[in-house]
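**Student:** The structure that follows is given in the form of structure tokens.
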2 protein chains.
Amino acid sequence: MLNQKRVVIDNVNPQLNGGDFFIKRVVNEIVNVDAHVLVDGHDIIAASVLYKHEKAKVWKEVRMRPTFNDEWQASFVVEKQGFYTYKVEGWVDYAMNWQHGIERKIDDNQHVNSELLEGIEFVKTIAKKATNIEKEYLDRLAKIFADANAYDDAIKEAISEDLHKIFTKYPAKLLANTSKNLKVYVDRLKARFSTWYEFFPRSASETEGVHGTFKDCERLLPKVAKMGFDTLYFPPIHPIGEINRKGKNNTTEAHEGDVGSTWGIGSKDGGHKDIHPQLGNLKQFKSLIKKAKEQGLEIAMDYALQSAPDHPWVKEHPEWFKWRPDGTVQYAENPPKKYQDILPIYWENKDYKALWNECLDTMLYWVDCGINVFRVDNPHTKPFYFWNWIISEVKQKHPDVIFLAEAFTAPKVMARLAKEGYTQSYTYFTWRNSKHEFIEYMNELTQSELKDYMQPNFWPNTPDINPYHLQGANESKFIQRYALASTLSSSIGIYGPVFEQMISDALPGREEYLNSEKFQISQYDWNKENKLTTIISKINLIRHENEALQQTNNIKFCHIENDNLIAFYKWNNDRKNELLIIISLEQYYAQQGSVQLPLADLGIHQGHQIQVRDLVTGSSYNWYDEWNFIELHPTLPFHIFKINK
Amino acid sequence: MLNQKRVVIDNVNPQLNGGDFFIKRVVNEIVNVDAHVLVDGHDIIAASVLYKHEKAKVWKEVRMRPTFNDEWQASFVVEKQGFYTYKVEGWVDYAMNWQHGIERKIDDNQHVNSELLEGIEFVKTIAKKATNIEKEYLDRLAKIFADANAYDDAIKEAISEDLHKIFTKYPAKLLANTSKNLKVYVDRLKARFSTWYEFFPRSASETEGVHGTFKDCERLLPKVAKMGFDTLYFPPIHPIGEINRKGKNNTTEAHEGDVGSTWGIGSKDGGHKDIHPQLGNLKQFKSLIKKAKEQGLEIAMDYALQSAPDHPWVKEHPEWFKWRPDGTVQYAENPPKKYQDILPIYWENKDYKALWNECLDTMLYWVDCGINVFRVDNPHTKPFYFWNWIISEVKQKHPDVIFLAEAFTAPKVMARLAKEGYTQSYTYFTWRNSKHEFIEYMNELTQSELKDYMQPNFWPNTPDINPYHLQGANESKFIQRYALASTLSSSIGIYGPVFEQMISDALPGREEYLNSEKFQISQYDWNKENKLTTIISKINLIRHENEALQQTNNIKFCHIENDNLIAFYKWNNDRKNELLIIISLEQYYAQQGSVQLPLADLGIHQGHQIQVRDLVTGSSYNWYDEWNFIELHPTLPFHIFKINK
């Protein structure tokens with residue numbers, strides 16, 4: 001095919017899999033686009049980023065600027081939820097070329113009569129689309145360029161800044177070329193900035209031995225809201241299977257009164273669209289959702305695609321499960337391990353379309369009940385294409401819905417789930433513990449391609465994970481873990497009240513909780529307040545008030561000469577909110593070190609006075625040097641400094 | 001769209017621009033393919049690379065092996081010229097899954113009766129496509145698996161290596177997924193391995209002041225062949241324009257007898273399809289091509305798309321040039337510079353289709369005359385899409401044709417020309433001079449994506465470039481430059497006899513030759529032989545005999561504790577040809593250093609004796625250590641060691 005275009009565009013970034021997947025942003029976030037824009041020869045070229053919301057009719061345009069070595073760059077802000085399309089357009093700017101040529105010839109004392117005649121064409125073409133005032137100006141230029149007696153005036157006008165501006169404003173874009181269309185999906189702010197609290201509703205009662213209810217949960221809403229959380233996540237609230245129900249501590253036999261695993265979903269009382277009777281009814285659940293919203297809390301529902309053996313699906317849709325030659329149904333197993341209380345879905349079944357639609361229907365049912373946040377259980381054990389489809393279907397109708405992937409799995413699987421559409425993902429933060437590990441992991445999350453499609457959600461603990469470093473840890477360690485999670489990542493969560501009450505008894509030699517609430521009801525003093533609850537509340541307030549903590553990718557680690565101290569600089573888009581955070585990783589001893597300020601990023605020189613104010617204690621320090629002494633004690637093992645220049 | 005497939009394939013490499021461009025190889029070269037192959041859950045998966053020559057009907061298959069973290073790898077060899085398509089296929093291996101599950105359950109002392117019944121399905125399915133012997137075996141298995149009394153036999157058979165092999169041989173590939181199709185273009189060996197010699201035919205006469213002819217060139221063929229070159233490249237041999245002809249040393253006025261620039265193509269004697277009368281006629285040129293071929297030399301033609309003002313095109317196709325408002329034709333300029341003897345083509349012209357076809361026609365005309373190699377002048381000043389089209393058109397009919405881009409231009413433009421289809425490219429080697437520069441540049445060429453589509457051609461000098469480091473340089477420096485070019489790159493070239501006769505007089509302060517042959521005839525002693533011609537001949541012979549020097553990407557730099565010594569390891573595909581090359585970058589003083597052997601690559605341990613033999617001098621050394629002492633003198637400033645283990 002004969003293609004007369006001369007500009008070529010290559011390497012447009014961000015771009016996932018050649019445009020097969022979309023990148024993600026939240027409302028009012030910036031998309032920085034860069035590309036290689038090339039032309040043969042020496043002509044002056046220009047380029048723009050064109051972008052358009054899916055519901056807009058016309059493209060918006062922002063001109064790119066060349067940076068280095070044929071690389072070009074521009075940014076745009078995404079203002080609305082939904083898909084935007086963006087692409088790069090490039091063209092030879094013949095008018096600029098003409099002006100630039102005249103300038104250089106005049107500098108070389110060449111005559112440019114013929115060039116001036118050529119210029120008439122450029123100004124006449126632009127005059128057709130210019131404003132009246134501009135048209136007047138351009139008509140005058142056309143006359144001067146044609147007038148051999150006005151040569152001195154003509155060259156002055158030809159190389160004038162005014163004409164340059166007109167050329168910039170009205171590019172002819174002859175033979176312009178464009179890159180392929182790329183997409184960015186824009187979510188609401190919460191997709192990026194969220195603070196989660198998880199508890200088991202069945203443990204919400206104040207009375208020992210009594211099954212908690214939604215009413216009990218309502219009572220706890222102010223406590224959770226006051227601590228500064230915005231998302232309250234419940235493990236599954238559906239009927240719990242009775243066949244093969246698990247006993248306490250994951251024993252294979254349930255005894256009288258054992259409540260079973262909340263993830264063993266489905267019984268004679270119903271399935272994924274039903275509520276466990278001991279928690280309450282749908283009306284009460286809806287009331288809870290409403291009351292929570294009034295306190296600034298969204299209820300996150302657990303979405304766990306699996307069944308107890310007595311789930312209604314098993315009778316109604318036997319084909320959705322795998323039946324063995326001996327006539328029994330296949331329960332979950334990862335040989336030699338067996339999970340007899342759980343039937344996995346048989347995704348290869350022939351009736352999969354009905355299955356997928358029922359899964360979608362279930363989700364839409366709860367969205368209609370007021371749920372806008374789903375924490376998806378083990379998404380990595382269900383097909384990738386299924387997630388792509390269901391998330392896309394839900395988002396088309398309900399763009400506010402947020403999906404958190406409990407993707408505790410291999411790195412590429414975790415990343416792929418994010419590419420398929422998950423809003424947020426659990427991460428390896430739970431196990432990262434040394435300064436080196438944090439820096440390496442944060443660089444992976446925020447400097448690689450992941451930054452464009454995976455929003456991490458940092459959890460210091462979950463009902464499934466009682467990490468070794470928290471087992472028997474002191475208060476300082478718990479504070480450190482919360483401070484790390486909440487300043488390294490803009491989305492975080494804790495499993496409480498286990499976390500803030502520093503409960504860490506474990507099954508011996510394992511990263512699992514002893515007497516796990518997964519299999520029994522726990523009794524808590526729900527009114528207890530301690531140093532940890534105070535600090536969590538304070539940090540959450542600081543996160544709320546400082547935009548620098550509301551995104552994850554804006555991080556730069558600072559040198560500090562102590563492996564037990566980690567320091568990093570965070571900033572918001574307009575750099576009016578700049579923080580320096582220093583956290584001790586040592587729980588028993590005070591740590592000292594000198595931290596290096598990121599002078600270039602701060603736009604200051606050594607010797608310039610800055611003030612840093614600790615947002616927790618309120619103390620201020622004046623610093624003049626690039627390197628500044630820090631000492632952190634286990635009693636308050638971190639600083640969140642606000643920088644005033 | 002509901003897609004029931006479970007395996008997903010990501011990040012298939014090599015892959016250029018999401019498959020929009022093809023990668024390149026030569027006949028019998030290897031394509032190493034890697035990809036991320038993922039599945040939800042814990043199932044065992046398998047993957048293959050499928051590949052197919054454009055003229056083949058069926059895909060060939062090579063199984064991939066997992067390496068690390070869901071990455072998979074396989075290789076295939078391209079045996080024929082033309083396009084191959086390749087893609088990755090992945091699937092869940094349910095049979096393997098079944099076998100693996102049984103193994104782990106048996107280890108855990110579980111009963112597997114039901115599993116054995118499931119196995120019947122697997123063996124029956126395979127029996128349908130198996131050989132008779134295999135079928136017999138599989139039928140027997142089906143019976144045993146069904147026989148409750150044969151339990152012990154059955155489990156032995158179920159987990160047997162024999163059954164594992166059958167499963168591997170006959171994968172069911174249920175719900176298999178594939179990546180998109182990617183392409184590799186396969187050239188003849190010369191695309192990668194070539195040794196070029198350039199001279200000006202008009203300087204080929206033995207008699208002073210007489211214009212050289214093709215007959216003179218024929219006389220010189222044995223000399224060029226004897227030195228070990230395989231490609232003889234001539235600057236343009238077309239009629240030279242008379243209007244605005246340049247004088248000696250690029251002066252704007254030609255005097256009586258001035259021959260003009262060979263790149264000022266076209267006169268009353270004809271254009272791009274014609275021959276400059278003083279060189280001879282077409283018959284003599286064809287004879288030269290034939291005689292050259294007999295000596296193992298291919299004639300490379302210069303393809304320079306531009307015209308002298310008196311080129312026939314200007315009258316026949318005035319629309320192919322740009323006409324200025326004053327009625328004159330636009331000559332080449334890069335303001336303030338002017339090139340009045342050259343008219344650039346006006347690529348934006350409306351008659352561009354006729355122009356492109358004439359360009360193609362010209363090339364095909366010379367191919368019909370026996371030319372299979374084109375050195376394209378300034379390709380970066382003609383449109384990228386034009387090159388893509390014309391190279392593809394020529395290659396479809398004449399896959400042997402090789403295109404060398406004289407792309408002395410910006411890095412991304414150089415790379416893009418290679419992507420568009422150029423076989424080889426001139427490079428920045430001409431200006432690279434320090435150890436650090438060589439290592440950095442070689443890493444860029446051989447470790448980045450460039451390795452898959454750009455074959456560098458290293459030229460120590462060209463008629464356009466007399467680099468500062470060669471101006472006034474001594475013999476040792478010239479030897480070094482040839483040794484560097486010819487061992488770092490498998491394609492190289494020199495402009496002679498200027499290079500081997502160490503002529504380096506320059507225009508003052510510029511990297512240009514004084515009295516350049518571009519504008520006048522030079523007189524040489526064509527019979528002169530010197531140390532440089534001896535060493536060039538020897539090195540070219542070594543290149544011919546050692547596969548390790550016939551590709552560029554197989555390079556690994558070795559530590560050597562002296563910045564004036566550069567050392568690297570090269571190998572061929574089966575590692576039977578392994579070289580260690582050490583070159584001094586210092587022209588006046590002897591240099592010493594200790595070179596570190598790449599033990600891991602050599603597959604040996606410290607203490608293992610190896611013998612290194614200098615392929616130039618024949619001297620051998622026995623080495624036992626990882627670090628070995630080297631001393632190089634300016635008289636012979638390099639070693640090409642063949643390693644014998």
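We label chains A, B, ... in the order they appear in the structure tokens, count residues from 1 in each chain, and number ligands from 1 in the order shown.
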Extract the full set of strand (DSSP E) residues from segment 86-317 of chain B according to DSSP on the backbone, and format it as a PyMOL selection string.

**Tutor:** chain B and resi 86-92+177-178+182-187+194-198+231-234+298-303+306-307

**Student:** Would you kindly return, as a PDB file with all heavy atoms, in the first residue's frame, each protein, DNA or RNA residue with an atom no farther than 6 Å from any atom of segment 545-556 of chain A, considering only C-alpha atoms and excluding same-chain residues fewer than 3 positions away?

**Tutor:**
ATOM      1  N   PHE A 193      -7.674   5.793  46.366  1.00  0.00           N
ATOM      2  CA  PHE A 193      -7.484   6.208  47.754  1.00  0.00           C
ATOM      3  C   PHE A 193      -8.597   5.634  48.608  1.00  0.00           C
ATOM      4  O   PHE A 193      -9.739   6.095  48.560  1.00  0.00           O
ATOM      5  CB  PHE A 193      -7.475   7.740  47.824  1.00  0.00           C
ATOM      6  CG  PHE A 193      -7.443   8.288  49.222  1.00  0.00           C
ATOM      7  CD1 PHE A 193      -6.525   7.816  50.161  1.00  0.00           C
ATOM      8  CD2 PHE A 193      -8.333   9.282  49.605  1.00  0.00           C
ATOM      9  CE1 PHE A 193      -6.512   8.325  51.450  1.00  0.00           C
ATOM     10  CE2 PHE A 193      -8.315   9.799  50.900  1.00  0.00           C
ATOM     11  CZ  PHE A 193      -7.409   9.314  51.823  1.00  0.00           C
ATOM     12  N   THR A 446       5.724   0.957  41.414  1.00  0.00           N
ATOM     13  CA  THR A 446       5.504   2.350  41.001  1.00  0.00           C
ATOM     14  C   THR A 446       6.384   2.802  39.844  1.00  0.00           C
ATOM     15  O   THR A 446       6.140   3.866  39.285  1.00  0.00           O
ATOM     16  CB  THR A 446       5.732   3.317  42.188  1.00  0.00           C
ATOM     17  OG1 THR A 446       7.121   3.293  42.553  1.00  0.00           O
ATOM     18  CG2 THR A 446       4.891   2.930  43.388  1.00  0.00           C
ATOM     19  N   SER A 489       1.287   3.148  50.514  1.00  0.00           N
ATOM     20  CA  SER A 489       0.202   2.888  49.563  1.00  0.00           C
ATOM     21  C   SER A 489      -0.997   3.760  49.893  1.00  0.00           C
ATOM     22  O   SER A 489      -1.325   3.966  51.065  1.00  0.00           O
ATOM     23  CB  SER A 489      -0.201   1.415  49.616  1.00  0.00           C
ATOM     24  OG  SER A 489      -1.333   1.175  48.818  1.00  0.00           O
ATOM     25  N   SER A 490      -1.665   4.245  48.857  1.00  0.00           N
ATOM     26  CA  SER A 490      -2.846   5.079  49.113  1.00  0.00           C
ATOM     27  C   SER A 490      -4.079   4.238  49.413  1.00  0.00           C
ATOM     28  O   SER A 490      -5.074   4.757  49.893  1.00  0.00           O
ATOM     29  CB  SER A 490      -3.099   6.007  47.929  1.00  0.00           C
ATOM     30  OG  SER A 490      -3.128   5.298  46.714  1.00  0.00           O
ATOM     31  N   ILE A 542      -4.522  12.234  58.746  1.00  0.00           N
ATOM     32  CA  ILE A 542      -3.426  12.828  57.960  1.00  0.00           C
ATOM     33  C   ILE A 542      -3.553  12.421  56.491  1.00  0.00           C
ATOM     34  O   ILE A 542      -3.379  13.241  55.590  1.00  0.00           O
ATOM     35  CB  ILE A 542      -2.053  12.390  58.539  1.00  0.00           C
ATOM     36  CG1 ILE A 542      -1.838  13.013  59.920  1.00  0.00           C
ATOM     37  CG2 ILE A 542      -0.909  12.761  57.597  1.00  0.00           C
ATOM     38  CD1 ILE A 542      -0.661  12.437  60.694  1.00  0.00           C
ATOM     39  N   PHE A 568      11.226   8.393  52.723  1.00  0.00           N
ATOM     40  CA  PHE A 568      10.775   8.667  51.362  1.00  0.00           C
ATOM     41  C   PHE A 568      10.013   9.975  51.295  1.00  0.00           C
ATOM     42  O   PHE A 568       9.458  10.453  52.270  1.00  0.00           O
ATOM     43  CB  PHE A 568       9.946   7.514  50.795  1.00  0.00           C
ATOM     44  CG  PHE A 568       8.885   6.964  51.706  1.00  0.00           C
ATOM     45  CD1 PHE A 568       7.571   7.382  51.596  1.00  0.00           C
ATOM     46  CD2 PHE A 568       9.206   6.010  52.675  1.00  0.00           C
ATOM     47  CE1 PHE A 568       6.581   6.869  52.423  1.00  0.00           C
ATOM     48  CE2 PHE A 568       8.232   5.495  53.517  1.00  0.00           C
ATOM     49  CZ  PHE A 568       6.915   5.922  53.400  1.00  0.00           C
ATOM     50  N   TYR A 569      10.050  10.510  50.080  1.00  0.00           N
ATOM     51  CA  TYR A 569       9.431  11.805  49.781  1.00  0.00           C
ATOM     52  C   TYR A 569       8.165  11.533  48.980  1.00  0.00           C
ATOM     53  O   TYR A 569       8.151  10.713  48.085  1.00  0.00           O
ATOM     54  CB  TYR A 569      10.447  12.624  48.978  1.00  0.00           C
ATOM     55  CG  TYR A 569       9.927  13.820  48.231  1.00  0.00           C
ATOM     56  CD1 TYR A 569       9.424  14.934  48.909  1.00  0.00           C
ATOM     57  CD2 TYR A 569       9.974  13.852  46.840  1.00  0.00           C
ATOM     58  CE1 TYR A 569       8.975  16.048  48.193  1.00  0.00           C
ATOM     59  CE2 TYR A 569       9.531  14.966  46.130  1.00  0.00           C
ATOM     60  CZ  TYR A 569       9.024  16.058  46.817  1.00  0.00           C
ATOM     61  OH  TYR A 569       8.579  17.148  46.113  1.00  0.00           O
ATOM     62  N   LYS A 570       7.066  12.209  49.363  1.00  0.00           N
ATOM     63  CA  LYS A 570       5.797  12.072  48.633  1.00  0.00           C
ATOM     64  C   LYS A 570       5.286  13.468  48.309  1.00  0.00           C
ATOM     65  O   LYS A 570       5.539  14.411  49.054  1.00  0.00           O
ATOM     66  CB  LYS A 570       4.748  11.341  49.488  1.00  0.00           C
ATOM     67  CG  LYS A 570       5.140   9.961  49.969  1.00  0.00           C
ATOM     68  CD  LYS A 570       4.586   8.805  49.173  1.00  0.00           C
ATOM     69  CE  LYS A 570       3.142   8.844  48.817  1.00  0.00           C
ATOM     70  NZ  LYS A 570       2.762   7.666  47.955  1.00  0.00           N
ATOM     71  N   TRP A 571       4.547  13.579  47.231  1.00  0.00           N
ATOM     72  CA  TRP A 571       4.064  14.903  46.819  1.00  0.00           C
ATOM     73  C   TRP A 571       2.735  14.754  46.086  1.00  0.00           C
ATOM     74  O   TRP A 571       2.405  13.671  45.601  1.00  0.00           O
ATOM     75  CB  TRP A 571       5.096  15.571  45.910  1.00  0.00           C
ATOM     76  CG  TRP A 571       5.313  14.835  44.638  1.00  0.00           C
ATOM     77  CD1 TRP A 571       4.678  15.026  43.444  1.00  0.00           C
ATOM     78  CD2 TRP A 571       6.214  13.724  44.406  1.00  0.00           C
ATOM     79  NE1 TRP A 571       5.116  14.131  42.502  1.00  0.00           N
ATOM     80  CE2 TRP A 571       6.057  13.322  43.061  1.00  0.00           C
ATOM     81  CE3 TRP A 571       7.134  13.033  45.212  1.00  0.00           C
ATOM     82  CZ2 TRP A 571       6.776  12.258  42.507  1.00  0.00           C
ATOM     83  CZ3 TRP A 571       7.843  11.979  44.653  1.00  0.00           C
ATOM     84  CH2 TRP A 571       7.668  11.602  43.326  1.00  0.00           C
ATOM     85  N   ASN A 572       1.990  15.853  46.029  1.00  0.00           N
ATOM     86  CA  ASN A 572       0.765  15.817  45.221  1.00  0.00           C
ATOM     87  C   ASN A 572       1.048  16.458  43.856  1.00  0.00           C
ATOM     88  O   ASN A 572       2.167  16.908  43.591  1.00  0.00           O
ATOM     89  CB  ASN A 572      -0.398  16.508  45.948  1.00  0.00           C
ATOM     90  CG  ASN A 572      -0.241  18.010  45.937  1.00  0.00           C
ATOM     91  OD1 ASN A 572       0.883  18.507  45.800  1.00  0.00           O
ATOM     92  ND2 ASN A 572      -1.341  18.740  46.073  1.00  0.00           N
ATOM     93  N   ASN A 577       1.639  20.074  48.314  1.00  0.00           N
ATOM     94  CA  ASN A 577       1.625  19.186  49.477  1.00  0.00           C
ATOM     95  C   ASN A 577       2.812  18.235  49.341  1.00  0.00           C
ATOM     96  O   ASN A 577       2.812  17.338  48.504  1.00  0.00           O
ATOM     97  CB  ASN A 577       0.293  18.427  49.514  1.00  0.00           C
ATOM     98  CG  ASN A 577       0.154  17.547  50.744  1.00  0.00           C
ATOM     99  OD1 ASN A 577      -0.082  16.346  50.642  1.00  0.00           O
ATOM    100  ND2 ASN A 577       0.318  18.126  51.925  1.00  0.00           N
TER     101      ASN A 577
END

**Student:** List as a list in words the protein and nucleic acid residues near segment 269-271 of chain B, meaning an atom at most 7 Å away when only C-alpha atoms are counted, but skip any in the same chain fewer than 4 places from it.

**Tutor:**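 Selected residues are His238, Pro239, Ile265, His311 and Pro312 of chain B.
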
**Student:** Only all heavy atoms, please: the residues just picked out, written as an mmCIF file, in the first residue's frame.

**Tutor:**
data_model
loop_
_atom_site.group_PDB
_atom_site.id
_atom_site.type_symbol
_atom_site.label_atom_id
_atom_site.label_comp_id
_atom_site.auth_asym_id
_atom_site.auth_seq_id
_atom_site.Cartn_x
_atom_site.Cartn_y
_atom_site.Cartn_z
ATOM 1 N N HIS B 238 26.177 6.351 -12.465
ATOM 2 C CA HIS B 238 25.282 6.938 -13.459
ATOM 3 C C HIS B 238 25.880 8.217 -14.037
ATOM 4 O O HIS B 238 26.837 8.776 -13.480
ATOM 5 C CB HIS B 238 23.925 7.219 -12.816
ATOM 6 C CG HIS B 238 23.388 6.058 -12.056
ATOM 7 N ND1 HIS B 238 23.122 4.844 -12.661
ATOM 8 C CD2 HIS B 238 23.102 5.893 -10.734
ATOM 9 C CE1 HIS B 238 22.678 3.994 -11.748
ATOM 10 N NE2 HIS B 238 22.661 4.597 -10.566
ATOM 11 N N PRO B 239 25.298 8.694 -15.140
ATOM 12 C CA PRO B 239 25.745 9.965 -15.714
ATOM 13 C C PRO B 239 25.727 11.058 -14.657
ATOM 14 O O PRO B 239 24.825 11.108 -13.823
ATOM 15 C CB PRO B 239 24.709 10.238 -16.823
ATOM 16 C CG PRO B 239 24.186 8.884 -17.205
ATOM 17 C CD PRO B 239 24.211 8.078 -15.939
ATOM 18 N N ILE B 265 23.371 12.912 -9.861
ATOM 19 C CA ILE B 265 22.994 11.925 -10.888
ATOM 20 C C ILE B 265 22.096 12.523 -11.968
ATOM 21 O O ILE B 265 21.113 13.192 -11.660
ATOM 22 C CB ILE B 265 22.275 10.728 -10.231
ATOM 23 C CG1 ILE B 265 23.233 10.027 -9.257
ATOM 24 C CG2 ILE B 265 21.751 9.759 -11.293
ATOM 25 C CD1 ILE B 265 22.569 8.996 -8.382
ATOM 26 N N HIS B 311 18.956 16.073 -14.977
ATOM 27 C CA HIS B 311 18.441 14.691 -15.009
ATOM 28 C C HIS B 311 17.193 14.663 -15.900
ATOM 29 O O HIS B 311 16.368 15.570 -15.844
ATOM 30 C CB HIS B 311 18.082 14.276 -13.580
ATOM 31 C CG HIS B 311 17.810 12.811 -13.405
ATOM 32 N ND1 HIS B 311 16.741 12.170 -14.007
ATOM 33 C CD2 HIS B 311 18.469 11.862 -12.676
ATOM 34 C CE1 HIS B 311 16.749 10.892 -13.651
ATOM 35 N NE2 HIS B 311 17.799 10.668 -12.842
ATOM 36 N N PRO B 312 17.043 13.640 -16.730
ATOM 37 C CA PRO B 312 15.864 13.583 -17.618
ATOM 38 C C PRO B 312 14.531 13.694 -16.864
ATOM 39 O O PRO B 312 13.564 14.218 -17.409
ATOM 40 C CB PRO B 312 16.000 12.207 -18.285
ATOM 41 C CG PRO B 312 17.432 11.830 -18.167
ATOM 42 C CD PRO B 312 17.968 12.502 -16.940
#

**Student:** Excluding segment 257-260 of chain A and its own-chain neighbours fewer than 2 positions away, which residues fall within 12 Å of it when counting only C-alpha atoms? Please give them as a VMD selection string.

**Tutor:** chain A and resid 202 to 203 209 to 212 236 238 to 255 262 to 267 276 278 to 279 308 341 to 342 516 to 522

**Student:** Hey, what's within 12 Å of segment 135-140 of chain B if we count only C-alpha atoms and toss same-chain stuff fewer than 3 positions away? As a ChimeraX atom specification, please?

**Tutor:** /B:119-132,143-147,150,153-154,157-158,162-163,166-167

**Student:** Pick out the residues sitting within 8 Å of Glu206 of chain B, and hand them over as a PyMOL selection string; count only C-alpha atoms, and ignore anything fewer than 6 positions along from it in its own chain.

**Tutor:** chain B and resi 216+523-526

**Student:** If we count only C-alpha atoms, which residues of chain A reach to within 6 Å of chain B? Please list them as an NGL selection string.

**Tutor:** :A and (6 or 18 or 40-41 or 101 or 104-105 or 114 or 326 or 335-336 or 380-383)

**Student:** Would you kindly return, as number ranges by chain, each protein, DNA or RNA residue with an atom no farther than 10 Å from any atom of Leu597 of chain B, considering only C-alpha atoms and excluding same-chain residues fewer than 5 positions away?

**Tutor:** B: 557-560, 567-569, 580, 602, 604, 606, 623, 625-628

**Student:** Restricting it to N, CA, C and O atoms, dump the selection as a tab-separated table (two decimals), in the first residue's frame.

**Tutor:**
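As a result, part37.tsv now contains:
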chain	number	residue	atom	x	y	z
B	557	PHE	N	31.37	-9.15	26.97
B	557	PHE	CA	32.63	-8.49	27.31
B	557	PHE	C	33.24	-9.11	28.57
B	557	PHE	O	32.54	-9.55	29.46
B	558	CYS	N	34.56	-9.17	28.58
B	558	CYS	CA	35.28	-9.76	29.71
B	558	CYS	C	36.01	-8.64	30.45
B	558	CYS	O	36.52	-7.70	29.84
B	559	HIS	N	36.07	-8.80	31.77
B	559	HIS	CA	36.83	-7.83	32.54
B	559	HIS	C	38.30	-7.90	32.15
B	559	HIS	O	38.86	-8.98	31.98
B	560	ILE	N	38.87	-6.74	32.00
B	560	ILE	CA	40.32	-6.67	31.84
B	560	ILE	C	40.77	-5.36	32.47
B	560	ILE	O	40.16	-4.31	32.23
B	567	ALA	N	38.29	-6.58	25.87
B	567	ALA	CA	38.31	-8.03	25.70
B	567	ALA	C	36.89	-8.54	25.62
B	567	ALA	O	36.02	-8.06	26.34
B	568	PHE	N	36.65	-9.49	24.72
B	568	PHE	CA	35.30	-10.06	24.64
B	568	PHE	C	35.35	-11.49	24.13
B	568	PHE	O	36.28	-11.91	23.45
B	569	TYR	N	34.30	-12.18	24.54
B	569	TYR	CA	34.15	-13.61	24.22
B	569	TYR	C	33.08	-13.72	23.13
B	569	TYR	O	32.05	-13.07	23.19
B	580	LEU	N	38.28	-15.71	22.09
B	580	LEU	CA	38.51	-14.63	23.05
B	580	LEU	C	39.32	-13.58	22.31
B	580	LEU	O	40.39	-13.88	21.78
B	602	LEU	N	32.06	-20.82	29.40
B	602	LEU	CA	32.92	-21.87	28.85
B	602	LEU	C	32.58	-23.23	29.45
B	602	LEU	O	33.02	-24.26	28.95
B	604	ILE	N	33.53	-24.32	32.37
B	604	ILE	CA	34.69	-24.89	33.06
B	604	ILE	C	34.87	-24.22	34.42
B	604	ILE	O	34.26	-23.19	34.69
B	606	GLN	N	37.66	-22.86	37.48
B	606	GLN	CA	39.01	-22.41	37.78
B	606	GLN	C	39.90	-23.64	37.96
B	606	GLN	O	39.51	-24.59	38.64
B	623	TRP	N	46.45	-21.95	29.70
B	623	TRP	CA	45.98	-21.17	30.85
B	623	TRP	C	45.29	-22.10	31.84
B	623	TRP	O	44.54	-23.00	31.47
B	625	ASP	N	44.20	-20.44	34.99
B	625	ASP	CA	43.55	-19.54	35.93
B	625	ASP	C	42.38	-18.81	35.28
B	625	ASP	O	42.26	-18.73	34.07
B	626	GLU	N	41.56	-18.22	36.16
B	626	GLU	CA	40.44	-17.42	35.67
B	626	GLU	C	40.97	-16.10	35.09
B	626	GLU	O	40.48	-15.61	34.09
B	627	TRP	N	42.00	-15.54	35.76
B	627	TRP	CA	42.58	-14.28	35.30
B	627	TRP	C	43.92	-14.56	34.65
B	627	TRP	O	44.74	-15.27	35.22
B	628	ASN	N	44.17	-14.00	33.47
B	628	ASN	CA	45.39	-14.31	32.74
B	628	ASN	C	46.03	-13.05	32.17
B	628	ASN	O	45.35	-12.17	31.65

**Student:** Quick one, how far is atom CA of Asn433 of chain B from atom CA of Thr462 of chain B?

**Tutor:**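 One can read the atom CA of Asn433 of chain B to atom CA of Thr462 of chain B distance as 16.3 Å.
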
**Student:** Per DSSP on the backbone, filter segment 77-308 of chain B down to the residues in helix (DSSP H, G or I) and report them as a PyMOL selection string.

**Tutor:** chain B and resi 94-107+113-127+132-146+148-158+161-169+189-191+201-203+214-226+248-250+282-294

**Student:** Counting only C-alpha atoms, which of A:Leu305, A:Val112, A:Leu636, A:Leu404 gets nearest to Leu355 of chain A?

**Tutor:**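 Of the candidates, the smallest distance to Leu355 of chain A is held by A:Leu305.
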